[in-house]
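Asks: One structure is given below, represented as structure tokens, and several questions about it will come after.
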Amino acid sequence: MSVRTSSLSALAVLAAIGLPLAALHGLEREPAGAPQAGPGRTDVMANLFEWNWDSVASECTGTLGPAGYAGVQVSQPADSLKRTKLGDGSDTVLHPWWEIYQPVSYELTSRMGTEAQFRSMVTTCRRAGVKVYVDAVVNHMTGQGSTSYGGRTYSHFEYAGLYDASDFHRKGTDCPSSTGGIEDFNNLRQVRTCELVGLADLRTDSPKVRNELAKYLNKLIGYGVSGFRVDAAKHVGQDDLLALQKKLRDTVDGDRPYVALEVFGGGPGILSPQAFTGAGSAVLGLDGDIQIKNAFKSYPADGTGSLAVLKTFGDGLTPSGKTLSFVQNHDTERNGDALTYKDGATNLLAQQFLLAYGYGTPQVYSSFAWSATDASPPSDPGGLITDTDCASEAWVCVHRDKAVTGLVGFHNHVGRAPVTHWWDNGGNLIAFSRGQAGWIALNNDKSPVTRTFDTGLAAGTYCDVTRGSVSKGKCSGPTVTVDARGQVRVTVPAKGAVAFTRADRV
Ligand code: LM2
Ligand code: CA
């Protein structure tokens, strides 16, 4: 894989063409502590949802590092609810994937492995040039059950040695809803102090709770973790989030931790994602993944899409430099908001678009296959998640697909070069360059299209990185030829792409 040129040279390109950085599709400022690791990498993250720690570690060494991923997001690592009976959200699955969203203590004994396995995974990934980002649940503890994967017993408001009833918001005194749960998601006090789906709501406005949370997150940073995806950040609120971040130490690389906040769109005013961009490094691109689905599928649900609308993708969304972007995550692959692995080639094409276009810090999601939305990840009878096997039908390793890894290299190479030479047919065929650093065409149609495009790249023969890579001057897949006018005649496959960068010349 020829991921050699660093973002430095991309910056040099910008300087050479006289473009101020801030002019580039809404990139208003350098994302605070945006992931950057290893030579030839920029900021692409893989989200290996509910992969166990040993599997994440081997993936860092075997795929993520070599392919140019700069980071990996791993699942909520703290001890959590281990169900002993059906009911309460799933009558058919004993160990649904969502058990991990009910923390019981901040010991790192979980469905994904032991504390020793977690630490060793972080070390292995970092050695492979891949930084580790942790899904952190700080808003709440549990809503059901009484035993945990770490072998603890607890009740709703009592977590021995950690929290007691005084550490939680309470119905009446704090939470104004009649049930104690959030009934009105537009009501500020309810959103912050009532229980989200019945989960005991931590008093994140108290020094005690803030200190416990900071102790936990600082332990992770001490192990080499580079940042966090903050679960249910809307329900914590800006002030508490900022206060908590002030208590965090610098990462082992000497940077501030990267903190991406989960804030679903649709809330008014200070409950909107836009209102949280100042409360962390970034917010999750949850409105963006809806728009990507709508562009690639349009509607009705089986629609064929309309990629031409993507010409201004990012407009109206949170700024690129303040967004962790993705085609789907574990919630939106289940709730209808986003494309899923079940969309097959359409999903891969959308991943390629996001990596090529460069909106946000792009994340590629890979997890297990499911039919019931509550389904457990592949586990032993006790709920411990078994090793990922990308060759089995039980797992879906989108981030490994050549169509995706080729675009990870493309993304790393083009850096922040602006989108130029945009062309579309008003329908499902689009093409654009990233400055003079790279060019891509994407075809969401059911038949291939052959035509001549302006690329703006220098004359030469290039390796199509969606299907091949350059090694020792040779391309392992198809090549295309740019002529002296910068034009290329190519066949863009049905539901496929053609892409190459300046570095892919053969
Ligand atoms: C999130 N972001 O804000 C996560 O991305 C999302 O996946 C979590 O919900 C949620 N917030 C809480 O962390 C998931 C899942 C819920 C599940 C919760 C807690 O989508 O269905 O709720 O985790 O495990 C389950 C039951 C629900 C029950 C609740 C408490 O489905 O019926 O509520 O547990 O016992 C009565
Ligand atoms: Ca709360």
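Convention: chains lettered A, B, ... in structure tokens order; per-chain residue numbering from 1; ligands numbered from 1 as shown.
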Got a sec to check which residues lie within 9 Å of ligand 2, using only C-alpha atoms and all ligand atoms, and send them as number ranges by chain?
Replies: A: 138-140, 168-169, 190-196, 200-204, 232-237
Asks: Which residues of chain A come within 6 Å of ligand 1, and what is each one's closest atom pair and distance in Å (one decimal), counting only C-alpha atoms and all ligand atoms, sorted by chain and residue number, as a Markdown table?
Replies:
```
| residue | atom | partner | partner_atom_place_in_ligand_line | distance |
| --- | --- | --- | --- | --- |
| A:Asp88 | CA | ligand 1 | 32 (O) | 5.5 |
| A:Gly89 | CA | ligand 1 | 32 (O) | 3.7 |
| A:Trp98 | CA | ligand 1 | 24 (O) | 4.3 |
| A:Glu99 | CA | ligand 1 | 24 (O) | 4.8 |
| A:Tyr101 | CA | ligand 1 | 13 (O) | 4.5 |
| A:Gln102 | CA | ligand 1 | 24 (O) | 5.2 |
| A:Gly143 | CA | ligand 1 | 35 (O) | 3.8 |
| A:Gln144 | CA | ligand 1 | 35 (O) | 4.4 |
| A:Val197 | CA | ligand 1 | 33 (O) | 4.2 |
| A:Gly198 | CA | ligand 1 | 33 (O) | 4.9 |
| A:Leu199 | CA | ligand 1 | 30 (C) | 5.4 |
| A:Asp231 | CA | ligand 1 | 2 (N) | 4.6 |
| A:Ala232 | CA | ligand 1 | 3 (O) | 3.2 |
| A:Asp331 | CA | ligand 1 | 7 (O) | 5.4 |
```
Asks: If DSSP is run on the backbone, what residues of range 104-245 of chain A are strand (DSSP E or B)? A reply as a ChimeraX atom specification would be ideal.
Replies: /A:110,113,131-137,140,147-148,153,155,158-159,163,168,171,175,181,195-196,199,201-202,227-231
Asks: Could you dump the residues just selected with N, CA and C atoms as a short mmCIF file (atom, residue, chain, number, x, y, z; two decimals), in the first residue's frame?
Replies:
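Output (out01.cif):
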```
data_model
loop_
_atom_site.label_atom_id
_atom_site.label_comp_id
_atom_site.auth_asym_id
_atom_site.auth_seq_id
_atom_site.Cartn_x
_atom_site.Cartn_y
_atom_site.Cartn_z
N SER A 110 -14.93 -6.85 31.23
CA SER A 110 -16.13 -6.67 30.42
C SER A 110 -16.35 -7.86 29.49
N GLY A 113 -13.26 -8.51 27.44
CA GLY A 113 -12.02 -9.07 27.98
C GLY A 113 -11.65 -8.49 29.32
N LYS A 131 -4.01 4.85 17.12
CA LYS A 131 -4.42 5.36 18.43
C LYS A 131 -5.78 4.79 18.83
N VAL A 132 -6.00 4.71 20.13
CA VAL A 132 -7.21 4.06 20.63
C VAL A 132 -8.14 5.09 21.27
N TYR A 133 -9.42 5.04 20.86
CA TYR A 133 -10.47 5.93 21.37
C TYR A 133 -11.54 5.07 22.02
N VAL A 134 -11.94 5.48 23.20
CA VAL A 134 -12.83 4.64 24.00
C VAL A 134 -14.23 5.25 24.10
N ASP A 135 -15.23 4.39 23.96
CA ASP A 135 -16.63 4.79 24.15
C ASP A 135 -16.85 4.93 25.66
N ALA A 136 -17.11 6.14 26.11
CA ALA A 136 -17.22 6.40 27.55
C ALA A 136 -18.66 6.73 27.93
N VAL A 137 -19.19 5.96 28.87
CA VAL A 137 -20.54 6.22 29.37
C VAL A 137 -20.40 6.98 30.68
N HIS A 140 -24.76 7.86 33.02
CA HIS A 140 -25.63 6.99 33.81
C HIS A 140 -24.94 5.70 34.22
N THR A 147 -26.28 -8.16 38.63
CA THR A 147 -24.91 -8.71 38.59
C THR A 147 -24.19 -8.28 37.32
N SER A 148 -22.86 -8.28 37.41
CA SER A 148 -22.07 -7.73 36.31
C SER A 148 -21.09 -8.76 35.77
N THR A 153 -22.20 -7.24 42.55
CA THR A 153 -23.64 -7.10 42.70
C THR A 153 -23.93 -5.64 43.01
N SER A 155 -27.42 -2.44 42.95
CA SER A 155 -28.82 -2.13 42.67
C SER A 155 -28.85 -0.75 42.00
N GLU A 158 -27.10 1.92 43.98
CA GLU A 158 -26.02 1.52 44.90
C GLU A 158 -24.94 0.72 44.17
N TYR A 159 -23.74 1.28 44.11
CA TYR A 159 -22.61 0.61 43.46
C TYR A 159 -21.47 0.65 44.46
N TYR A 163 -20.60 4.63 43.98
CA TYR A 163 -21.71 5.58 44.09
C TYR A 163 -22.80 5.04 45.01
N PHE A 168 -27.00 10.41 42.48
CA PHE A 168 -27.88 10.35 41.31
C PHE A 168 -28.96 11.43 41.38
N LYS A 171 -36.11 11.94 40.96
CA LYS A 171 -37.43 12.42 40.57
C LYS A 171 -37.94 13.39 41.63
N CYS A 175 -35.35 15.93 38.83
CA CYS A 175 -36.05 15.64 37.57
C CYS A 175 -37.53 15.97 37.70
N GLY A 181 -38.43 9.51 34.30
CA GLY A 181 -37.75 9.26 33.03
C GLY A 181 -37.87 10.49 32.13
N GLU A 195 -34.11 10.20 33.83
CA GLU A 195 -33.45 8.98 33.39
C GLU A 195 -33.70 8.69 31.91
N LEU A 196 -32.61 8.47 31.20
CA LEU A 196 -32.67 8.06 29.79
C LEU A 196 -32.99 6.57 29.78
N LEU A 199 -32.23 4.57 32.94
CA LEU A 199 -30.86 4.38 33.43
C LEU A 199 -30.56 5.41 34.52
N ASP A 201 -29.42 8.17 36.60
CA ASP A 201 -28.77 9.35 36.03
C ASP A 201 -27.77 9.98 37.00
N LEU A 202 -26.51 9.94 36.63
CA LEU A 202 -25.46 10.44 37.52
C LEU A 202 -25.55 11.95 37.71
N GLY A 227 -8.42 9.31 23.45
CA GLY A 227 -9.63 10.12 23.51
C GLY A 227 -10.87 9.27 23.68
N PHE A 228 -12.01 9.93 23.56
CA PHE A 228 -13.28 9.30 23.92
C PHE A 228 -14.40 9.66 22.96
N ARG A 229 -15.35 8.71 22.82
CA ARG A 229 -16.66 9.01 22.25
C ARG A 229 -17.55 9.08 23.47
N VAL A 230 -18.15 10.21 23.72
CA VAL A 230 -18.94 10.35 24.95
C VAL A 230 -20.40 10.02 24.67
N ASP A 231 -20.82 8.91 25.25
CA ASP A 231 -22.19 8.44 25.09
C ASP A 231 -23.17 9.41 25.73
#
```
Asks: Compile the contact shell of range 309-324 of chain A as a PDB file with N, CA and C atoms, in the first residue's frame: residues with an atom at most 10 Å away, counting only C-alpha atoms, same-chain residues fewer than 4 positions apart removed.
Replies:
```
ATOM      1  N   ALA A  22      -8.698  27.779   6.025  1.00  0.00           N
ATOM      2  CA  ALA A  22     -10.054  27.969   6.524  1.00  0.00           C
ATOM      3  C   ALA A  22     -11.086  28.006   5.408  1.00  0.00           C
ATOM      4  N   LEU A  24     -11.496  25.879   3.123  1.00  0.00           N
ATOM      5  CA  LEU A  24     -11.849  24.553   2.625  1.00  0.00           C
ATOM      6  C   LEU A  24     -13.081  23.995   3.284  1.00  0.00           C
ATOM      7  N   HIS A  25     -13.977  23.516   2.467  1.00  0.00           N
ATOM      8  CA  HIS A  25     -15.329  23.197   2.895  1.00  0.00           C
ATOM      9  C   HIS A  25     -15.600  23.272   4.399  1.00  0.00           C
ATOM     10  N   GLY A  26     -15.642  24.503   4.849  1.00  0.00           N
ATOM     11  CA  GLY A  26     -16.105  24.732   6.206  1.00  0.00           C
ATOM     12  C   GLY A  26     -15.136  24.271   7.286  1.00  0.00           C
ATOM     13  N   LEU A  27     -13.902  23.971   6.891  1.00  0.00           N
ATOM     14  CA  LEU A  27     -12.927  23.605   7.917  1.00  0.00           C
ATOM     15  C   LEU A  27     -12.523  24.878   8.630  1.00  0.00           C
ATOM     16  N   GLU A  28     -13.180  25.190   9.713  1.00  0.00           N
ATOM     17  CA  GLU A  28     -12.939  26.474  10.333  1.00  0.00           C
ATOM     18  C   GLU A  28     -11.711  26.506  11.219  1.00  0.00           C
ATOM     19  N   ARG A  29     -11.409  25.395  11.833  1.00  0.00           N
ATOM     20  CA  ARG A  29     -10.203  25.373  12.666  1.00  0.00           C
ATOM     21  C   ARG A  29      -9.688  23.948  12.771  1.00  0.00           C
ATOM     22  N   GLU A  30      -8.469  23.849  13.166  1.00  0.00           N
ATOM     23  CA  GLU A  30      -7.848  22.542  13.383  1.00  0.00           C
ATOM     24  C   GLU A  30      -8.611  21.838  14.500  1.00  0.00           C
ATOM     25  N   PRO A  31      -9.111  20.626  14.268  1.00  0.00           N
ATOM     26  CA  PRO A  31      -9.811  19.952  15.356  1.00  0.00           C
ATOM     27  C   PRO A  31      -8.864  19.717  16.527  1.00  0.00           C
ATOM     28  N   ALA A  32      -9.314  20.071  17.718  1.00  0.00           N
ATOM     29  CA  ALA A  32      -8.467  19.926  18.908  1.00  0.00           C
ATOM     30  C   ALA A  32      -8.118  18.462  19.092  1.00  0.00           C
ATOM     31  N   ALA A  34      -7.323  16.182  17.009  1.00  0.00           N
ATOM     32  CA  ALA A  34      -7.846  15.225  16.043  1.00  0.00           C
ATOM     33  C   ALA A  34      -6.822  14.113  15.845  1.00  0.00           C
ATOM     34  N   VAL A  44      -8.107   8.850   9.753  1.00  0.00           N
ATOM     35  CA  VAL A  44      -9.193   7.884   9.578  1.00  0.00           C
ATOM     36  C   VAL A  44      -9.268   6.930  10.772  1.00  0.00           C
ATOM     37  N   MET A  45     -10.471   6.724  11.257  1.00  0.00           N
ATOM     38  CA  MET A  45     -10.674   5.850  12.405  1.00  0.00           C
ATOM     39  C   MET A  45     -11.521   4.653  11.983  1.00  0.00           C
ATOM     40  N   ARG A 229     -15.346   8.714  22.821  1.00  0.00           N
ATOM     41  CA  ARG A 229     -16.656   9.007  22.246  1.00  0.00           C
ATOM     42  C   ARG A 229     -17.550   9.078  23.470  1.00  0.00           C
ATOM     43  N   VAL A 259     -12.160  14.426  22.153  1.00  0.00           N
ATOM     44  CA  VAL A 259     -13.444  14.080  22.770  1.00  0.00           C
ATOM     45  C   VAL A 259     -14.581  14.333  21.780  1.00  0.00           C
ATOM     46  N   ALA A 260     -15.209  13.245  21.314  1.00  0.00           N
ATOM     47  CA  ALA A 260     -16.315  13.352  20.353  1.00  0.00           C
ATOM     48  C   ALA A 260     -17.627  13.101  21.090  1.00  0.00           C
ATOM     49  N   LEU A 261     -18.537  14.052  20.982  1.00  0.00           N
ATOM     50  CA  LEU A 261     -19.767  14.027  21.777  1.00  0.00           C
ATOM     51  C   LEU A 261     -20.946  13.471  20.994  1.00  0.00           C
ATOM     52  N   GLU A 262     -21.665  12.554  21.618  1.00  0.00           N
ATOM     53  CA  GLU A 262     -22.840  11.997  20.964  1.00  0.00           C
ATOM     54  C   GLU A 262     -24.061  12.855  21.279  1.00  0.00           C
ATOM     55  N   PRO A 273     -26.922  19.500  18.101  1.00  0.00           N
ATOM     56  CA  PRO A 273     -25.499  19.184  17.923  1.00  0.00           C
ATOM     57  C   PRO A 273     -24.659  20.443  17.732  1.00  0.00           C
ATOM     58  N   GLN A 274     -25.185  21.406  16.984  1.00  0.00           N
ATOM     59  CA  GLN A 274     -24.451  22.655  16.732  1.00  0.00           C
ATOM     60  C   GLN A 274     -24.047  23.313  18.050  1.00  0.00           C
ATOM     61  N   ALA A 275     -24.922  23.215  19.053  1.00  0.00           N
ATOM     62  CA  ALA A 275     -24.678  23.885  20.329  1.00  0.00           C
ATOM     63  C   ALA A 275     -23.631  23.158  21.178  1.00  0.00           C
ATOM     64  N   PHE A 276     -23.202  21.980  20.723  1.00  0.00           N
ATOM     65  CA  PHE A 276     -22.204  21.214  21.481  1.00  0.00           C
ATOM     66  C   PHE A 276     -20.814  21.264  20.854  1.00  0.00           C
ATOM     67  N   THR A 277     -20.666  21.995  19.734  1.00  0.00           N
ATOM     68  CA  THR A 277     -19.356  21.965  19.071  1.00  0.00           C
ATOM     69  C   THR A 277     -18.272  22.596  19.936  1.00  0.00           C
ATOM     70  N   GLY A 278     -18.665  23.468  20.855  1.00  0.00           N
ATOM     71  CA  GLY A 278     -17.670  24.088  21.738  1.00  0.00           C
ATOM     72  C   GLY A 278     -17.454  23.299  23.017  1.00  0.00           C
ATOM     73  N   GLY A 280     -16.517  20.072  23.231  1.00  0.00           N
ATOM     74  CA  GLY A 280     -15.622  18.931  23.048  1.00  0.00           C
ATOM     75  C   GLY A 280     -14.794  19.176  21.807  1.00  0.00           C
ATOM     76  N   SER A 281     -14.034  18.166  21.374  1.00  0.00           N
ATOM     77  CA  SER A 281     -13.266  18.331  20.139  1.00  0.00           C
ATOM     78  C   SER A 281     -14.180  18.299  18.928  1.00  0.00           C
ATOM     79  N   ALA A 282     -15.235  17.499  19.026  1.00  0.00           N
ATOM     80  CA  ALA A 282     -16.117  17.269  17.886  1.00  0.00           C
ATOM     81  C   ALA A 282     -17.453  16.734  18.376  1.00  0.00           C
ATOM     82  N   VAL A 283     -18.439  16.747  17.487  1.00  0.00           N
ATOM     83  CA  VAL A 283     -19.686  16.044  17.766  1.00  0.00           C
ATOM     84  C   VAL A 283     -19.834  14.928  16.725  1.00  0.00           C
ATOM     85  N   LEU A 284     -20.644  13.928  17.032  1.00  0.00           N
ATOM     86  CA  LEU A 284     -20.854  12.826  16.091  1.00  0.00           C
ATOM     87  C   LEU A 284     -21.701  13.311  14.910  1.00  0.00           C
ATOM     88  N   GLY A 285     -21.357  12.840  13.731  1.00  0.00           N
ATOM     89  CA  GLY A 285     -22.072  13.268  12.518  1.00  0.00           C
ATOM     90  C   GLY A 285     -23.367  12.510  12.302  1.00  0.00           C
ATOM     91  N   LEU A 286     -24.276  12.666  13.244  1.00  0.00           N
ATOM     92  CA  LEU A 286     -25.519  11.885  13.186  1.00  0.00           C
ATOM     93  C   LEU A 286     -26.534  12.420  12.181  1.00  0.00           C
ATOM     94  N   ASP A 287     -26.467  13.726  11.904  1.00  0.00           N
ATOM     95  CA  ASP A 287     -27.322  14.236  10.822  1.00  0.00           C
ATOM     96  C   ASP A 287     -26.704  13.886   9.472  1.00  0.00           C
ATOM     97  N   GLY A 288     -25.386  13.864   9.426  1.00  0.00           N
ATOM     98  CA  GLY A 288     -24.679  13.548   8.177  1.00  0.00           C
ATOM     99  C   GLY A 288     -24.966  12.127   7.705  1.00  0.00           C
ATOM    100  N   GLN A 291     -28.201  12.031   5.945  1.00  0.00           N
ATOM    101  CA  GLN A 291     -28.128  12.625   4.604  1.00  0.00           C
ATOM    102  C   GLN A 291     -27.424  11.696   3.615  1.00  0.00           C
ATOM    103  N   ILE A 292     -26.388  11.004   4.087  1.00  0.00           N
ATOM    104  CA  ILE A 292     -25.688  10.066   3.193  1.00  0.00           C
ATOM    105  C   ILE A 292     -26.649   8.962   2.756  1.00  0.00           C
ATOM    106  N   ASN A 294     -29.857   9.168   2.593  1.00  0.00           N
ATOM    107  CA  ASN A 294     -30.861   9.745   1.695  1.00  0.00           C
ATOM    108  C   ASN A 294     -30.306   9.990   0.296  1.00  0.00           C
ATOM    109  N   ALA A 295     -29.023  10.325   0.208  1.00  0.00           N
ATOM    110  CA  ALA A 295     -28.420  10.540  -1.110  1.00  0.00           C
ATOM    111  C   ALA A 295     -28.216   9.219  -1.851  1.00  0.00           C
ATOM    112  N   PHE A 296     -27.756   8.198  -1.126  1.00  0.00           N
ATOM    113  CA  PHE A 296     -27.427   6.926  -1.790  1.00  0.00           C
ATOM    114  C   PHE A 296     -28.656   6.063  -2.062  1.00  0.00           C
ATOM    115  N   GLY A 305     -31.294   6.292  -5.491  1.00  0.00           N
ATOM    116  CA  GLY A 305     -30.340   7.301  -5.054  1.00  0.00           C
ATOM    117  C   GLY A 305     -30.189   8.465  -6.009  1.00  0.00           C
ATOM    118  N   PHE A 353     -17.179   7.413  -0.702  1.00  0.00           N
ATOM    119  CA  PHE A 353     -17.479   8.842  -0.871  1.00  0.00           C
ATOM    120  C   PHE A 353     -16.992   9.634   0.340  1.00  0.00           C
ATOM    121  N   LEU A 354     -17.335   9.157   1.528  1.00  0.00           N
ATOM    122  CA  LEU A 354     -16.992   9.914   2.741  1.00  0.00           C
ATOM    123  C   LEU A 354     -15.469  10.067   2.876  1.00  0.00           C
ATOM    124  N   TYR A 357     -14.249  12.502  -0.043  1.00  0.00           N
ATOM    125  CA  TYR A 357     -14.727  13.888  -0.018  1.00  0.00           C
ATOM    126  C   TYR A 357     -14.094  14.681   1.118  1.00  0.00           C
ATOM    127  N   GLY A 358     -13.908  13.991   2.265  1.00  0.00           N
ATOM    128  CA  GLY A 358     -13.151  14.635   3.338  1.00  0.00           C
ATOM    129  C   GLY A 358     -13.957  15.498   4.273  1.00  0.00           C
ATOM    130  N   TYR A 359     -15.243  15.199   4.458  1.00  0.00           N
ATOM    131  CA  TYR A 359     -16.015  15.925   5.468  1.00  0.00           C
ATOM    132  C   TYR A 359     -15.837  15.222   6.821  1.00  0.00           C
ATOM    133  N   GLY A 360     -15.373  15.981   7.814  1.00  0.00           N
ATOM    134  CA  GLY A 360     -15.234  15.431   9.161  1.00  0.00           C
ATOM    135  C   GLY A 360     -14.010  14.540   9.314  1.00  0.00           C
ATOM    136  N   THR A 361     -13.848  14.030  10.523  1.00  0.00           N
ATOM    137  CA  THR A 361     -12.866  12.984  10.790  1.00  0.00           C
ATOM    138  C   THR A 361     -13.590  11.689  10.476  1.00  0.00           C
ATOM    139  N   PRO A 362     -13.232  11.000   9.379  1.00  0.00           N
ATOM    140  CA  PRO A 362     -14.073   9.890   8.931  1.00  0.00           C
ATOM    141  C   PRO A 362     -13.833   8.602   9.710  1.00  0.00           C
ATOM    142  N   GLN A 363     -14.918   7.934   9.988  1.00  0.00           N
ATOM    143  CA  GLN A 363     -14.852   6.685  10.749  1.00  0.00           C
ATOM    144  C   GLN A 363     -15.537   5.586   9.944  1.00  0.00           C
ATOM    145  N   VAL A 419     -11.935  20.159  -2.744  1.00  0.00           N
ATOM    146  CA  VAL A 419     -12.703  19.464  -3.781  1.00  0.00           C
ATOM    147  C   VAL A 419     -12.755  20.378  -5.016  1.00  0.00           C
ATOM    148  N   TRP A 422     -15.534  19.204  -9.793  1.00  0.00           N
ATOM    149  CA  TRP A 422     -16.769  18.437  -9.536  1.00  0.00           C
ATOM    150  C   TRP A 422     -17.527  18.249 -10.840  1.00  0.00           C
ATOM    151  N   TRP A 423     -17.987  17.070 -11.078  1.00  0.00           N
ATOM    152  CA  TRP A 423     -18.833  16.787 -12.239  1.00  0.00           C
ATOM    153  C   TRP A 423     -19.905  15.800 -11.803  1.00  0.00           C
ATOM    154  N   ASP A 424     -21.123  16.011 -12.286  1.00  0.00           N
ATOM    155  CA  ASP A 424     -22.152  14.992 -12.069  1.00  0.00           C
ATOM    156  C   ASP A 424     -23.091  14.969 -13.255  1.00  0.00           C
ATOM    157  N   GLY A 426     -26.270  14.793 -12.858  1.00  0.00           N
ATOM    158  CA  GLY A 426     -27.573  15.147 -12.312  1.00  0.00           C
ATOM    159  C   GLY A 426     -28.243  13.946 -11.649  1.00  0.00           C
ATOM    160  N   GLY A 427     -27.568  12.820 -11.689  1.00  0.00           N
ATOM    161  CA  GLY A 427     -28.164  11.595 -11.145  1.00  0.00           C
ATOM    162  C   GLY A 427     -27.201  10.866 -10.248  1.00  0.00           C
ATOM    163  N   ASN A 428     -26.818   9.682 -10.682  1.00  0.00           N
ATOM    164  CA  ASN A 428     -26.080   8.785  -9.805  1.00  0.00           C
ATOM    165  C   ASN A 428     -24.609   8.634 -10.128  1.00  0.00           C
ATOM    166  N   ILE A 430     -21.009  10.722 -10.126  1.00  0.00           N
ATOM    167  CA  ILE A 430     -20.300  11.941  -9.749  1.00  0.00           C
ATOM    168  C   ILE A 430     -18.794  11.708  -9.867  1.00  0.00           C
ATOM    169  N   ALA A 431     -18.078  12.791 -10.006  1.00  0.00           N
ATOM    170  CA  ALA A 431     -16.609  12.702 -10.032  1.00  0.00           C
ATOM    171  C   ALA A 431     -16.063  13.997  -9.471  1.00  0.00           C
ATOM    172  N   PHE A 432     -14.925  13.924  -8.804  1.00  0.00           N
ATOM    173  CA  PHE A 432     -14.264  15.141  -8.334  1.00  0.00           C
ATOM    174  C   PHE A 432     -12.792  14.872  -8.062  1.00  0.00           C
TER     175      PHE A 432
END
```
Asks: Just the residues within 7 Å of Gly224 in chain A, please, counting only C-alpha atoms, with nothing from its chain fewer than 6 positions along; format it as a count of residues only.
Replies: 3
Asks: With a distance cut-off of 10 Å and only C-alpha atoms, select the neighbouring residues of Val93 in chain A, excluding the residue or stretch itself and same-chain residues fewer than 6 positions from it, and output the selection as a list in words.
Replies: Arg83, Lys85, Leu86, Gly87, Ala372, Thr373, Asp374, Ala375 and Ser376 of chain A
Asks: Can I get the selected residues back with N, CA and C atoms, as an mmCIF file, in the first residue's frame?
Replies:
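Result file follows (result-v2.cif):
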```
data_model
loop_
_atom_site.group_PDB
_atom_site.id
_atom_site.type_symbol
_atom_site.label_atom_id
_atom_site.label_comp_id
_atom_site.auth_asym_id
_atom_site.auth_seq_id
_atom_site.Cartn_x
_atom_site.Cartn_y
_atom_site.Cartn_z
ATOM 1 N N ARG A 83 -27.023 -9.793 32.181
ATOM 2 C CA ARG A 83 -28.395 -10.229 32.450
ATOM 3 C C ARG A 83 -28.459 -11.697 32.835
ATOM 4 N N LYS A 85 -31.827 -12.991 33.194
ATOM 5 C CA LYS A 85 -33.144 -13.432 32.734
ATOM 6 C C LYS A 85 -33.648 -12.547 31.590
ATOM 7 N N LEU A 86 -34.600 -13.096 30.841
ATOM 8 C CA LEU A 86 -35.182 -12.349 29.720
ATOM 9 C C LEU A 86 -36.146 -11.282 30.242
ATOM 10 N N GLY A 87 -36.650 -10.455 29.334
ATOM 11 C CA GLY A 87 -37.549 -9.360 29.722
ATOM 12 C C GLY A 87 -36.812 -8.041 29.627
ATOM 13 N N ALA A 372 -32.120 -9.777 14.433
ATOM 14 C CA ALA A 372 -32.908 -9.100 15.473
ATOM 15 C C ALA A 372 -32.113 -7.884 15.951
ATOM 16 N N THR A 373 -32.777 -6.763 16.177
ATOM 17 C CA THR A 373 -32.022 -5.563 16.563
ATOM 18 C C THR A 373 -31.345 -5.719 17.922
ATOM 19 N N ASP A 374 -31.865 -6.590 18.774
ATOM 20 C CA ASP A 374 -31.257 -6.780 20.095
ATOM 21 C C ASP A 374 -30.137 -7.812 20.101
ATOM 22 N N ALA A 375 -29.940 -8.490 18.991
ATOM 23 C CA ALA A 375 -29.045 -9.649 18.954
ATOM 24 C C ALA A 375 -27.723 -9.416 19.681
ATOM 25 N N SER A 376 -27.243 -10.496 20.290
ATOM 26 C CA SER A 376 -25.934 -10.473 20.956
ATOM 27 C C SER A 376 -24.839 -10.564 19.903
#
```
Asks: Please indicate the distance in Å from CA of Leu384 in chain A to CA of Phe49 in chain A, rounded to one decimal place.
Replies: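 Between CA of Leu384 in chain A and CA of Phe49 in chain A the gap is 14.2 Å.
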Asks: Give me every helix (DSSP H, G or I) residue in range 250-321 of chain A, going by DSSP on the backbone, as a PyMOL selection string.
Replies: chain A and resi 269-271+273-279+286-297+307-312+320-321
Asks: Applying 9 Å and only C-alpha atoms, which residues near Thr466 in chain A remain after dropping the ones on its own chain fewer than 4 positions away? List them as a PyMOL selection string.
Replies: chain A and resi 352+402-407+477+496-500
Asks: Would you pick out the contacts of Tyr462 in chain A at 12 Å or less, using only C-alpha atoms, so that residues sharing its chain but fewer than 2 positions from it are not included, and give the list as a PyMOL selection string?
Replies: chain A and resi 438-440+455+457-460+464-470+473-483+488+490+498-506
Asks: Just how far from CA of Ala391 in chain A is CA of Cys60 in chain A, in Å to one decimal?
Replies: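 Separating CA of Cys60 in chain A from CA of Ala391 in chain A is a distance of 17.1 Å.
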Asks: With distances taken over only C-alpha atoms, which of A:Pro66, A:Pro77, A:Pro96, A:Gly172 is nearest to Pro378 in chain A?
Replies: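 Once distances to Pro378 in chain A are computed over only C-alpha atoms, the minimum belongs to A:Pro96.
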Asks: Interatomic distance between CA of Pro268 in chain A and CA of Lys293 in chain A?
Replies: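 Calculated distance between CA of Pro268 in chain A and CA of Lys293 in chain A is 23.1 Å.
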Asks: Under the rule that only C-alpha atoms are counted, which of A:Asn443, A:Ser366, A:Thr420, A:Gln238 is the nearest residue to Ala394 in chain A?
Replies: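 Between A:Asn443, A:Ser366, A:Thr420, A:Gln238, the residue approaching Ala394 in chain A most closely is A:Ser366.
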Asks: Point out the residue among A:Ser146, A:Gln487, A:Gln351, A:Ser272 with the least atom-to-atom distance to Ala160 in chain A, counting only C-alpha atoms.
Replies: A:Ser146
